[in-house]
file data17.cif (mmCIF, C-alpha atoms and all ligand atoms)
data_upload
#
loop_
_atom_site.label_atom_id
_atom_site.label_comp_id
_atom_site.auth_asym_id
_atom_site.auth_seq_id
_atom_site.Cartn_x
_atom_site.Cartn_y
_atom_site.Cartn_z
CA MET A 1 184.87 145.69 27.97
CA SER A 2 186.31 142.57 29.63
CA ALA A 3 188.50 140.27 27.55
CA LEU A 4 186.72 137.23 28.99
CA VAL A 5 183.52 136.80 30.99
CA ILE A 6 182.28 133.44 32.23
CA ARG A 7 178.83 133.20 33.74
CA GLY A 8 177.19 130.31 35.53
CA LEU A 9 179.15 127.61 33.74
CA ARG A 10 178.09 124.04 34.50
CA LYS A 11 179.34 120.77 33.08
CA ARG A 12 178.59 117.15 33.78
CA PHE A 13 180.37 114.03 32.55
CA GLY A 14 177.96 111.14 33.05
CA GLY A 15 176.92 111.23 36.69
CA GLN A 16 179.76 113.51 37.78
CA GLU A 17 179.28 117.25 38.06
CA VAL A 18 182.69 118.56 37.05
CA LEU A 19 181.89 122.29 36.97
CA LYS A 20 179.26 123.51 39.42
CA GLY A 21 178.56 127.06 38.34
CA ILE A 22 181.71 129.00 37.49
CA ASP A 23 181.80 132.80 37.29
CA LEU A 24 185.04 134.50 36.29
CA GLN A 25 186.27 137.40 34.29
CA ALA A 26 189.56 138.69 32.88
CA GLU A 27 190.18 142.31 32.02
CA SER A 28 192.22 143.07 28.94
CA GLY A 29 195.92 142.37 29.56
CA GLU A 30 195.36 140.33 32.70
CA PHE A 31 197.22 137.13 33.56
CA ILE A 32 194.62 134.90 35.19
CA VAL A 33 195.80 131.67 36.79
CA LEU A 34 193.40 128.79 37.44
CA VAL A 35 194.96 126.70 40.18
CA GLY A 36 193.70 123.65 42.04
CA PRO A 37 194.39 119.97 42.67
CA SER A 38 194.26 117.40 39.90
CA GLY A 39 190.70 116.59 38.85
CA CYS A 40 189.09 119.83 40.10
CA GLY A 41 187.95 120.82 36.60
CA LYS A 42 190.66 123.22 35.37
CA SER A 43 191.18 121.63 31.96
CA THR A 44 187.45 121.23 31.43
CA LEU A 45 186.97 124.93 32.11
CA LEU A 46 189.80 125.88 29.74
CA ASN A 47 188.47 123.54 27.05
CA ILE A 48 185.05 125.15 27.32
CA ILE A 49 186.62 128.61 26.91
CA ALA A 50 188.44 127.28 23.84
CA GLY A 51 185.27 125.70 22.45
CA LEU A 52 186.66 122.17 22.61
CA GLU A 53 183.93 121.20 25.09
CA GLN A 54 180.36 122.47 25.32
CA PRO A 55 178.95 123.65 28.66
CA ASP A 56 175.63 122.23 29.87
CA LEU A 57 174.65 125.66 31.14
CA GLY A 58 176.17 129.10 31.25
CA GLN A 59 177.90 131.51 28.95
CA VAL A 60 181.37 132.29 27.63
CA GLU A 61 181.97 135.80 26.33
CA ILE A 62 185.23 136.81 24.62
CA ALA A 63 185.79 140.52 23.97
CA GLY A 64 182.11 141.28 24.36
CA ARG A 65 180.88 138.49 22.10
CA VAL A 66 179.02 135.43 23.38
CA VAL A 67 180.92 132.55 21.77
CA ASN A 68 178.98 129.48 22.96
CA GLN A 69 177.95 128.72 19.38
CA VAL A 70 181.25 129.81 17.80
CA PRO A 71 183.61 126.99 16.70
CA PRO A 72 187.13 126.96 18.24
CA LYS A 73 188.89 128.20 15.10
CA ASP A 74 186.75 131.35 15.02
CA ARG A 75 187.22 132.30 18.68
CA ASP A 76 190.44 134.28 18.25
CA ILE A 77 192.28 132.26 20.89
CA ALA A 78 195.50 130.26 20.92
CA MET A 79 196.16 127.37 23.23
CA VAL A 80 199.41 125.92 24.57
CA PHE A 81 199.24 122.43 26.06
CA GLN A 82 201.46 120.39 28.33
CA SER A 83 202.40 118.05 25.49
CA TYR A 84 204.06 120.21 22.87
CA ALA A 85 202.27 118.55 19.94
CA LEU A 86 204.80 119.81 17.40
CA TYR A 87 204.78 118.23 13.94
CA PRO A 88 207.84 115.94 14.08
CA THR A 89 208.66 115.97 10.37
CA MET A 90 208.48 119.76 10.03
CA THR A 91 211.16 122.27 10.93
CA VAL A 92 210.60 124.82 13.67
CA ARG A 93 209.88 127.43 11.00
CA GLN A 94 207.29 125.19 9.33
CA ASN A 95 205.74 124.35 12.69
CA ILE A 96 205.27 128.04 13.38
CA THR A 97 203.96 128.97 9.94
CA PHE A 98 201.77 125.93 9.29
CA GLY A 99 198.63 127.54 10.71
CA MET A 100 199.20 130.66 8.63
CA GLU A 101 199.68 128.61 5.48
CA CYS A 102 196.36 126.90 6.17
CA ARG A 103 194.75 130.32 6.42
CA ASN A 104 196.39 131.43 3.14
CA VAL A 105 198.48 134.19 4.68
CA ALA A 106 200.86 135.50 2.00
CA LYS A 107 204.51 134.41 2.18
CA PRO A 108 206.09 137.81 2.97
CA GLN A 109 203.67 138.28 5.87
CA ARG A 110 204.37 134.76 7.12
CA GLU A 111 208.10 135.40 7.05
CA ALA A 112 207.77 138.70 8.89
CA ALA A 113 205.57 137.06 11.53
CA VAL A 114 208.02 134.19 12.05
CA ALA A 115 210.94 136.60 12.32
CA SER A 116 209.33 138.75 15.00
CA THR A 117 208.01 135.75 16.93
CA ALA A 118 211.40 134.02 16.82
CA ARG A 119 213.08 137.19 18.06
CA LEU A 120 210.62 137.53 20.93
CA LEU A 121 211.15 133.92 22.03
CA GLN A 122 214.87 133.86 21.20
CA ILE A 123 214.59 130.87 18.91
CA GLU A 124 216.04 132.48 15.77
CA ALA A 125 218.93 130.00 15.73
CA LEU A 126 216.55 127.03 15.88
CA LEU A 127 214.29 127.79 12.93
CA ASP A 128 215.73 125.14 10.60
CA ARG A 129 215.87 122.35 13.19
CA LYS A 130 213.40 119.52 13.64
CA PRO A 131 211.61 119.05 17.00
CA SER A 132 213.77 115.97 17.73
CA GLN A 133 216.83 118.25 17.71
CA LEU A 134 215.45 120.49 20.46
CA SER A 135 215.52 120.36 24.25
CA GLY A 136 212.27 120.28 26.23
CA GLY A 137 212.44 123.99 26.97
CA GLN A 138 213.14 124.83 23.34
CA ARG A 139 210.19 122.71 22.23
CA GLN A 140 207.92 124.51 24.63
CA ARG A 141 209.18 127.83 23.24
CA VAL A 142 208.31 126.69 19.73
CA ALA A 143 204.85 125.66 20.93
CA MET A 144 204.46 129.15 22.36
CA GLY A 145 205.73 130.59 19.09
CA ARG A 146 202.99 128.79 17.25
CA ALA A 147 200.42 130.38 19.54
CA LEU A 148 202.06 133.80 19.51
CA VAL A 149 202.29 134.09 15.75
CA ARG A 150 198.50 134.05 15.56
CA ASP A 151 198.30 137.21 17.68
CA PRO A 152 195.10 136.10 19.39
CA LEU A 153 192.84 138.07 21.73
CA LEU A 154 193.24 135.39 24.35
CA PHE A 155 196.01 132.92 25.20
CA LEU A 156 195.07 129.72 27.01
CA PHE A 157 197.76 127.63 28.69
CA ASP A 158 197.09 124.20 30.16
CA GLU A 159 199.99 123.23 32.46
CA PRO A 160 202.54 124.14 29.79
CA LEU A 161 205.54 123.58 32.05
CA SER A 162 204.66 120.39 33.90
CA ASN A 163 206.79 118.19 31.60
CA LEU A 164 209.92 120.24 32.30
CA ASP A 165 212.44 119.77 35.09
CA ALA A 166 212.30 122.08 38.09
CA LYS A 167 215.08 124.45 37.06
CA LEU A 168 213.76 124.93 33.56
CA ARG A 169 210.26 125.37 34.92
CA VAL A 170 211.39 128.36 36.96
CA GLU A 171 213.19 129.87 33.95
CA MET A 172 210.23 129.39 31.63
CA ARG A 173 207.91 130.85 34.23
CA MET A 174 209.91 134.07 34.13
CA GLU A 175 210.02 134.01 30.34
CA ILE A 176 206.28 133.64 29.98
CA LYS A 177 205.81 136.44 32.47
CA GLN A 178 208.18 138.70 30.52
CA LEU A 179 206.46 137.77 27.30
CA HIS A 180 203.16 138.73 28.82
CA ARG A 181 204.56 142.11 29.87
CA ARG A 182 205.95 142.73 26.42
CA ILE A 183 202.90 141.80 24.34
CA GLY A 184 200.24 142.74 26.90
CA SER A 185 197.74 140.09 25.76
CA THR A 186 195.17 138.51 28.02
CA MET A 187 196.25 135.10 29.29
CA VAL A 188 194.47 132.33 31.18
CA TYR A 189 196.95 129.88 32.63
CA VAL A 190 196.14 126.55 34.27
CA THR A 191 198.48 124.96 36.79
CA HIS A 192 198.38 122.77 39.88
CA ASP A 193 201.50 124.56 41.15
CA GLN A 194 200.81 127.16 43.85
CA ILE A 195 204.15 128.94 43.39
CA GLU A 196 203.58 129.26 39.68
CA ALA A 197 200.18 130.80 40.45
CA MET A 198 201.54 133.20 43.06
CA THR A 199 204.44 134.42 40.94
CA MET A 200 202.68 134.75 37.59
CA ALA A 201 199.10 135.85 38.16
CA THR A 202 197.47 139.24 38.24
CA ARG A 203 194.51 137.34 39.71
CA ILE A 204 194.18 133.73 40.84
CA ALA A 205 191.09 131.55 40.76
CA VAL A 206 191.56 128.76 43.31
CA MET A 207 189.43 125.79 42.25
CA HIS A 208 188.29 122.76 44.24
CA GLN A 209 185.76 120.11 43.21
CA GLY A 210 184.30 122.09 40.34
CA GLU A 211 183.93 125.39 42.16
CA VAL A 212 185.97 128.57 42.38
CA GLN A 213 186.79 128.92 46.07
CA GLN A 214 188.33 132.36 45.76
CA PHE A 215 189.10 134.73 42.90
CA ALA A 216 191.51 137.47 43.94
CA ASP A 217 194.99 138.90 43.50
CA PRO A 218 197.93 136.89 44.95
CA ASP A 219 198.36 139.17 48.00
CA THR A 220 194.74 138.76 49.02
CA ILE A 221 194.82 134.99 48.46
CA TYR A 222 197.88 134.77 50.66
CA SER A 223 196.92 137.17 53.42
CA ARG A 224 193.14 136.66 53.43
CA PRO A 225 192.27 133.17 52.19
CA ALA A 226 188.49 132.81 51.82
CA ASN A 227 188.34 129.42 53.54
CA LEU A 228 190.36 126.56 54.96
CA PHE A 229 190.78 124.88 51.59
CA VAL A 230 192.37 127.98 50.05
CA ALA A 231 194.56 128.50 53.11
CA ARG A 232 195.81 124.92 53.09
CA PHE A 233 196.17 124.57 49.34
CA MET A 234 197.96 127.87 48.84
CA GLY A 235 200.21 127.16 51.80
CA ALA A 236 199.30 130.03 54.11
CA PRO A 237 198.46 129.26 57.71
CA PRO A 238 194.67 129.21 58.27
P1 LIG A 301 191.99 119.05 36.06
O1 LIG A 301 192.42 119.65 34.77
O2 LIG A 301 191.76 120.06 37.14
O3 LIG A 301 192.91 117.97 36.54
P2 LIG A 301 189.79 117.97 34.51
O4 LIG A 301 188.99 119.14 34.05
O5 LIG A 301 190.69 117.34 33.53
O6 LIG A 301 190.56 118.36 35.85
O7 LIG A 301 188.81 116.85 35.02
C1 LIG A 301 187.80 117.08 35.98
C2 LIG A 301 187.02 115.78 36.19
O8 LIG A 301 186.28 115.49 35.02
C3 LIG A 301 187.90 114.57 36.45
O9 LIG A 301 187.26 113.78 37.41
C4 LIG A 301 187.96 113.89 35.11
O10 LIG A 301 188.14 112.52 35.26
C5 LIG A 301 186.60 114.21 34.53
N1 LIG A 301 186.63 114.30 33.05
C6 LIG A 301 187.33 115.20 32.32
N2 LIG A 301 187.12 115.05 31.01
C7 LIG A 301 186.24 114.03 30.90
C8 LIG A 301 185.59 113.37 29.78
N3 LIG A 301 185.82 113.76 28.52
N4 LIG A 301 184.74 112.35 30.06
C9 LIG A 301 184.50 111.98 31.33
N5 LIG A 301 185.07 112.53 32.42
C10 LIG A 301 185.92 113.55 32.21
MG MG A 302 194.13 119.30 33.59
#
call {"tool": "encode", "arguments": {"input": "data17.cif", "output": "structure tokens"}}
result
Amino acid sequence: MSALVIRGLRKRFGGQEVLKGIDLQAESGEFIVLVGPSGCGKSTLLNIIAGLEQPDLGQVEIAGRVVNQVPPKDRDIAMVFQSYALYPTMTVRQNITFGMECRNVAKPQREAAVASTARLLQIEALLDRKPSQLSGGQRQRVAMGRALVRDPLLFLFDEPLSNLDAKLRVEMRMEIKQLHRRIGSTMVYVTHDQIEAMTMATRIAVMHQGEVQQFADPDTIYSRPANLFVARFMGAPP
């Protein structure tokens, strides 16, 4: 069973057709990267997978279940955005456990979950700080911790590193990749950065104007681009 299957997804905003029939799938444990220029529909696609937007047509299936009618909180997904959206008045620990408190998870379980998540992300020393006392990279780690602690079937990332400087971006790229190897969850990661796509993905979907131009592993994208757009955008000679 695939972790995620998307069939014939279409979406319009007013007169603009933003998604023109998207088909994609992710096998369990895959790291899928959606890459393409700004405005090509990446966030819209991710938001539809998360349930934050409704498709006009088509189907989203997570772990064998059609979820079109399922509200976001019942989809067993966790999302990490570009803006960290941490609660400024809460400590790191509270930021990570807040969701669990809302779901009435018992305190010992919450503490165990925070401890293992903090260890995995190496933020144990930061648990009692406030977001304002953290660097950009540390904040992004806490945002990932908040997603991780939920142990979802599917992680969705929307340009999580684009607010960071270049050096940190490279470091965090490696960290997310290692995290993926360690926990083995299925991840769908949106970026406009070709190098990020090439270095992180098991498979890449190259998007342009609401369509997937090519869906393949990085080697194939690089050595056999499906068309001129893919060749130019991914930086290989046509
Ligand atoms: P990307 O994430 O690839 O930059 P988006 O999915 O955010 O692209 O946007 C795709 C297109 O849809 C853009 O032209 C954007 O302006 C438009 N769009 C996105 N969300 C909305 C919305 N809620 N209402 C109207 N237009 C939207
Ligand atoms: Mg976007």
call {"tool": "closest_atom_pairs", "arguments": {"input": "data17.cif", "of": "chain A", "to": "ligand LIG 301 (chain A)", "cutoff": "10 Å", "atoms": "all atoms listed in the file", "output": "tab-separated table"}}
result
residue	atom	partner	partner_atom	distance
A:Lys11	CA	A:LIG301	O8	8.9
A:Arg12	CA	A:LIG301	O8	8.0
A:Phe13	CA	A:LIG301	C9	4.8
A:Gly14	CA	A:LIG301	C9	6.8
A:Gly15	CA	A:LIG301	N5	9.3
A:Gln16	CA	A:LIG301	O8	7.4
A:Glu17	CA	A:LIG301	O8	7.8
A:Val18	CA	A:LIG301	O8	5.1
A:Leu19	CA	A:LIG301	C1	7.9
A:Leu34	CA	A:LIG301	O2	8.9
A:Val35	CA	A:LIG301	O2	8.0
A:Gly36	CA	A:LIG301	O2	6.4
A:Pro37	CA	A:LIG301	O2	6.1
A:Ser38	CA	A:LIG301	O3	3.7
A:Gly39	CA	A:LIG301	O3	3.5
A:Cys40	CA	A:LIG301	O2	4.0
A:Gly41	CA	A:LIG301	O4	3.2
A:Lys42	CA	A:LIG301	O2	3.8
A:Ser43	CA	A:LIG301	O1	3.7
A:Thr44	CA	A:LIG301	O4	3.7
A:Leu45	CA	A:LIG301	O4	6.4
A:Leu46	CA	A:LIG301	O4	8.0
A:Asn47	CA	A:LIG301	O4	8.3
A:Ile48	CA	A:LIG301	O4	9.8
A:Glu53	CA	A:LIG301	N3	8.4
A:Asp158	CA	A:LIG301	O1	8.0
A:Glu159	CA	A:LIG301	O1	8.7
A:Val190	CA	A:LIG301	O1	7.9
A:Thr191	CA	A:LIG301	O1	8.3
A:His192	CA	A:LIG301	O2	7.7
A:Met207	CA	A:LIG301	O2	8.0
A:His208	CA	A:LIG301	O2	8.4
A:Gln209	CA	A:LIG301	C1	8.1
A:Gly210	CA	A:LIG301	C1	7.5
call {"tool": "residues_around", "arguments": {"input": "data17.cif", "residues": "A:Lys177", "least_positions_apart": "6", "cutoff": "9 Å", "atoms": "all atoms listed in the file", "output": "ChimeraX atom specification"}}
result
/A:31,199-201
call {"tool": "atom_distance", "arguments": {"input": "data17.cif", "atom1": "atom CA of A:Glu111", "atom2": "atom CA of A:Arg129"}}
result
16.4 Å
call {"tool": "atom_distance", "arguments": {"input": "data17.cif", "atom1": "atom CA of A:Gly21", "atom2": "atom CA of A:Arg7"}}
result
7.7 Å
call {"tool": "residues_around", "arguments": {"input": "data17.cif", "residues": "A:Gly8", "least_positions_apart": "4", "cutoff": "9 Å", "atoms": "all atoms listed in the file", "output": "PDB file with C-alpha atoms, in the coordinates of the input"}}
result
ATOM      1  CA  LYS A  20     179.260 123.510  39.420  1.00  0.00           C
ATOM      2  CA  GLY A  21     178.560 127.060  38.340  1.00  0.00           C
ATOM      3  CA  ILE A  22     181.710 129.000  37.490  1.00  0.00           C
ATOM      4  CA  ASP A  23     181.800 132.800  37.290  1.00  0.00           C
ATOM      5  CA  LEU A  24     185.040 134.500  36.290  1.00  0.00           C
ATOM      6  CA  LEU A  57     174.650 125.660  31.140  1.00  0.00           C
ATOM      7  CA  GLY A  58     176.170 129.100  31.250  1.00  0.00           C
ATOM      8  CA  GLN A  59     177.900 131.510  28.950  1.00  0.00           C
TER       9      GLN A  59
END
call {"tool": "atom_distance", "arguments": {"input": "data17.cif", "atom1": "atom CA of A:Pro152", "atom2": "atom CA of A:Glu211"}}
result
27.5 Å
call {"tool": "closest_residue", "arguments": {"input": "data17.cif", "among": "A:Ile123, A:Ala115, A:Arg181, A:Leu153", "to": "A:Ala63", "atoms": "only C-alpha atoms"}}
result
A:Leu153
call {"tool": "residues_around", "arguments": {"input": "data17.cif", "residues": "A:Met172", "least_positions_apart": "5", "cutoff": "10 Å", "atoms": "only C-alpha atoms", "output": "PyMOL selection string"}}
result
chain A and resi 137-138+140-141+160-161+164+166-167+177-178
call {"tool": "write_last_selection", "arguments": {"input": "data17.cif", "atoms": "C-alpha atoms", "output": "JSON list (two decimals), in the coordinates of the input"}}
result
[["chain", "number", "residue", "atom", "x", "y", "z"],
["A", 137, "GLY", "CA", 212.44, 123.99, 26.97],
["A", 138, "GLN", "CA", 213.14, 124.83, 23.34],
["A", 140, "GLN", "CA", 207.92, 124.51, 24.63],
["A", 141, "ARG", "CA", 209.18, 127.83, 23.24],
["A", 160, "PRO", "CA", 202.54, 124.14, 29.79],
["A", 161, "LEU", "CA", 205.54, 123.58, 32.05],
["A", 164, "LEU", "CA", 209.92, 120.24, 32.30],
["A", 166, "ALA", "CA", 212.30, 122.08, 38.09],
["A", 167, "LYS", "CA", 215.08, 124.45, 37.06],
["A", 177, "LYS", "CA", 205.81, 136.44, 32.47],
["A", 178, "GLN", "CA", 208.18, 138.70, 30.52]]
call {"tool": "closest_residue", "arguments": {"input": "data17.cif", "among": "A:Ala78, A:Leu121, A:Val206, A:Ala112", "to": "A:Leu228", "atoms": "all atoms listed in the file"}}
result
A:Val206
call {"tool": "build_atoms", "arguments": {"input": "data17.cif", "residues": "stretch 161-185 of chain A", "atoms": "N, CA and C atoms", "output": "PDB file, in the frame of the given file"}}
result
ATOM      1  N   LEU A 161     204.189 123.845  31.569  1.00  0.00           N
ATOM      2  CA  LEU A 161     205.540 123.580  32.050  1.00  0.00           C
ATOM      3  C   LEU A 161     205.667 122.273  32.818  1.00  0.00           C
ATOM      4  N   SER A 162     204.578 121.525  32.962  1.00  0.00           N
ATOM      5  CA  SER A 162     204.660 120.390  33.900  1.00  0.00           C
ATOM      6  C   SER A 162     205.508 119.230  33.386  1.00  0.00           C
ATOM      7  N   ASN A 163     205.872 119.224  32.088  1.00  0.00           N
ATOM      8  CA  ASN A 163     206.790 118.190  31.600  1.00  0.00           C
ATOM      9  C   ASN A 163     208.264 118.561  31.750  1.00  0.00           C
ATOM     10  N   LEU A 164     208.531 119.769  32.233  1.00  0.00           N
ATOM     11  CA  LEU A 164     209.920 120.240  32.300  1.00  0.00           C
ATOM     12  C   LEU A 164     210.504 120.002  33.687  1.00  0.00           C
ATOM     13  N   ASP A 165     211.843 119.940  33.758  1.00  0.00           N
ATOM     14  CA  ASP A 165     212.440 119.770  35.090  1.00  0.00           C
ATOM     15  C   ASP A 165     212.348 121.075  35.878  1.00  0.00           C
ATOM     16  N   ALA A 166     212.595 120.971  37.181  1.00  0.00           N
ATOM     17  CA  ALA A 166     212.300 122.080  38.090  1.00  0.00           C
ATOM     18  C   ALA A 166     213.019 123.378  37.719  1.00  0.00           C
ATOM     19  N   LYS A 167     214.289 123.257  37.351  1.00  0.00           N
ATOM     20  CA  LYS A 167     215.080 124.450  37.060  1.00  0.00           C
ATOM     21  C   LYS A 167     214.534 125.168  35.824  1.00  0.00           C
ATOM     22  N   LEU A 168     214.273 124.371  34.806  1.00  0.00           N
ATOM     23  CA  LEU A 168     213.760 124.930  33.560  1.00  0.00           C
ATOM     24  C   LEU A 168     212.370 125.533  33.761  1.00  0.00           C
ATOM     25  N   ARG A 169     211.609 124.881  34.636  1.00  0.00           N
ATOM     26  CA  ARG A 169     210.260 125.370  34.920  1.00  0.00           C
ATOM     27  C   ARG A 169     210.302 126.798  35.476  1.00  0.00           C
ATOM     28  N   VAL A 170     211.254 127.027  36.368  1.00  0.00           N
ATOM     29  CA  VAL A 170     211.390 128.360  36.960  1.00  0.00           C
ATOM     30  C   VAL A 170     211.802 129.371  35.886  1.00  0.00           C
ATOM     31  N   GLU A 171     212.749 128.969  35.027  1.00  0.00           N
ATOM     32  CA  GLU A 171     213.190 129.870  33.950  1.00  0.00           C
ATOM     33  C   GLU A 171     212.042 130.214  33.008  1.00  0.00           C
ATOM     34  N   MET A 172     211.312 129.178  32.604  1.00  0.00           N
ATOM     35  CA  MET A 172     210.230 129.390  31.630  1.00  0.00           C
ATOM     36  C   MET A 172     209.101 130.226  32.227  1.00  0.00           C
ATOM     37  N   ARG A 173     208.883 130.038  33.527  1.00  0.00           N
ATOM     38  CA  ARG A 173     207.910 130.850  34.230  1.00  0.00           C
ATOM     39  C   ARG A 173     208.216 132.334  34.042  1.00  0.00           C
ATOM     40  N   MET A 174     209.486 132.676  34.279  1.00  0.00           N
ATOM     41  CA  MET A 174     209.910 134.070  34.130  1.00  0.00           C
ATOM     42  C   MET A 174     209.765 134.533  32.683  1.00  0.00           C
ATOM     43  N   GLU A 175     210.104 133.629  31.760  1.00  0.00           N
ATOM     44  CA  GLU A 175     210.020 134.010  30.340  1.00  0.00           C
ATOM     45  C   GLU A 175     208.590 134.285  29.904  1.00  0.00           C
ATOM     46  N   ILE A 176     207.686 133.437  30.360  1.00  0.00           N
ATOM     47  CA  ILE A 176     206.280 133.640  29.980  1.00  0.00           C
ATOM     48  C   ILE A 176     205.772 134.945  30.575  1.00  0.00           C
ATOM     49  N   LYS A 177     206.201 135.201  31.792  1.00  0.00           N
ATOM     50  CA  LYS A 177     205.810 136.440  32.470  1.00  0.00           C
ATOM     51  C   LYS A 177     206.331 137.668  31.711  1.00  0.00           C
ATOM     52  N   GLN A 178     207.599 137.587  31.291  1.00  0.00           N
ATOM     53  CA  GLN A 178     208.180 138.700  30.520  1.00  0.00           C
ATOM     54  C   GLN A 178     207.466 138.875  29.181  1.00  0.00           C
ATOM     55  N   LEU A 179     207.181 137.744  28.571  1.00  0.00           N
ATOM     56  CA  LEU A 179     206.460 137.770  27.300  1.00  0.00           C
ATOM     57  C   LEU A 179     205.116 138.462  27.475  1.00  0.00           C
ATOM     58  N   HIS A 180     204.453 138.115  28.537  1.00  0.00           N
ATOM     59  CA  HIS A 180     203.160 138.730  28.820  1.00  0.00           C
ATOM     60  C   HIS A 180     203.303 140.239  28.984  1.00  0.00           C
ATOM     61  N   ARG A 181     204.341 140.664  29.698  1.00  0.00           N
ATOM     62  CA  ARG A 181     204.560 142.110  29.870  1.00  0.00           C
ATOM     63  C   ARG A 181     204.809 142.780  28.540  1.00  0.00           C
ATOM     64  N   ARG A 182     205.586 142.106  27.689  1.00  0.00           N
ATOM     65  CA  ARG A 182     205.950 142.730  26.420  1.00  0.00           C
ATOM     66  C   ARG A 182     204.762 142.828  25.465  1.00  0.00           C
ATOM     67  N   ILE A 183     203.970 141.774  25.343  1.00  0.00           N
ATOM     68  CA  ILE A 183     202.900 141.800  24.340  1.00  0.00           C
ATOM     69  C   ILE A 183     201.567 142.254  24.927  1.00  0.00           C
ATOM     70  N   GLY A 184     201.434 142.182  26.258  1.00  0.00           N
ATOM     71  CA  GLY A 184     200.240 142.740  26.900  1.00  0.00           C
ATOM     72  C   GLY A 184     198.932 142.032  26.579  1.00  0.00           C
ATOM     73  N   SER A 185     198.983 140.810  26.073  1.00  0.00           N
ATOM     74  CA  SER A 185     197.740 140.090  25.760  1.00  0.00           C
ATOM     75  C   SER A 185     197.111 139.515  27.019  1.00  0.00           C
TER      76      SER A 185
END
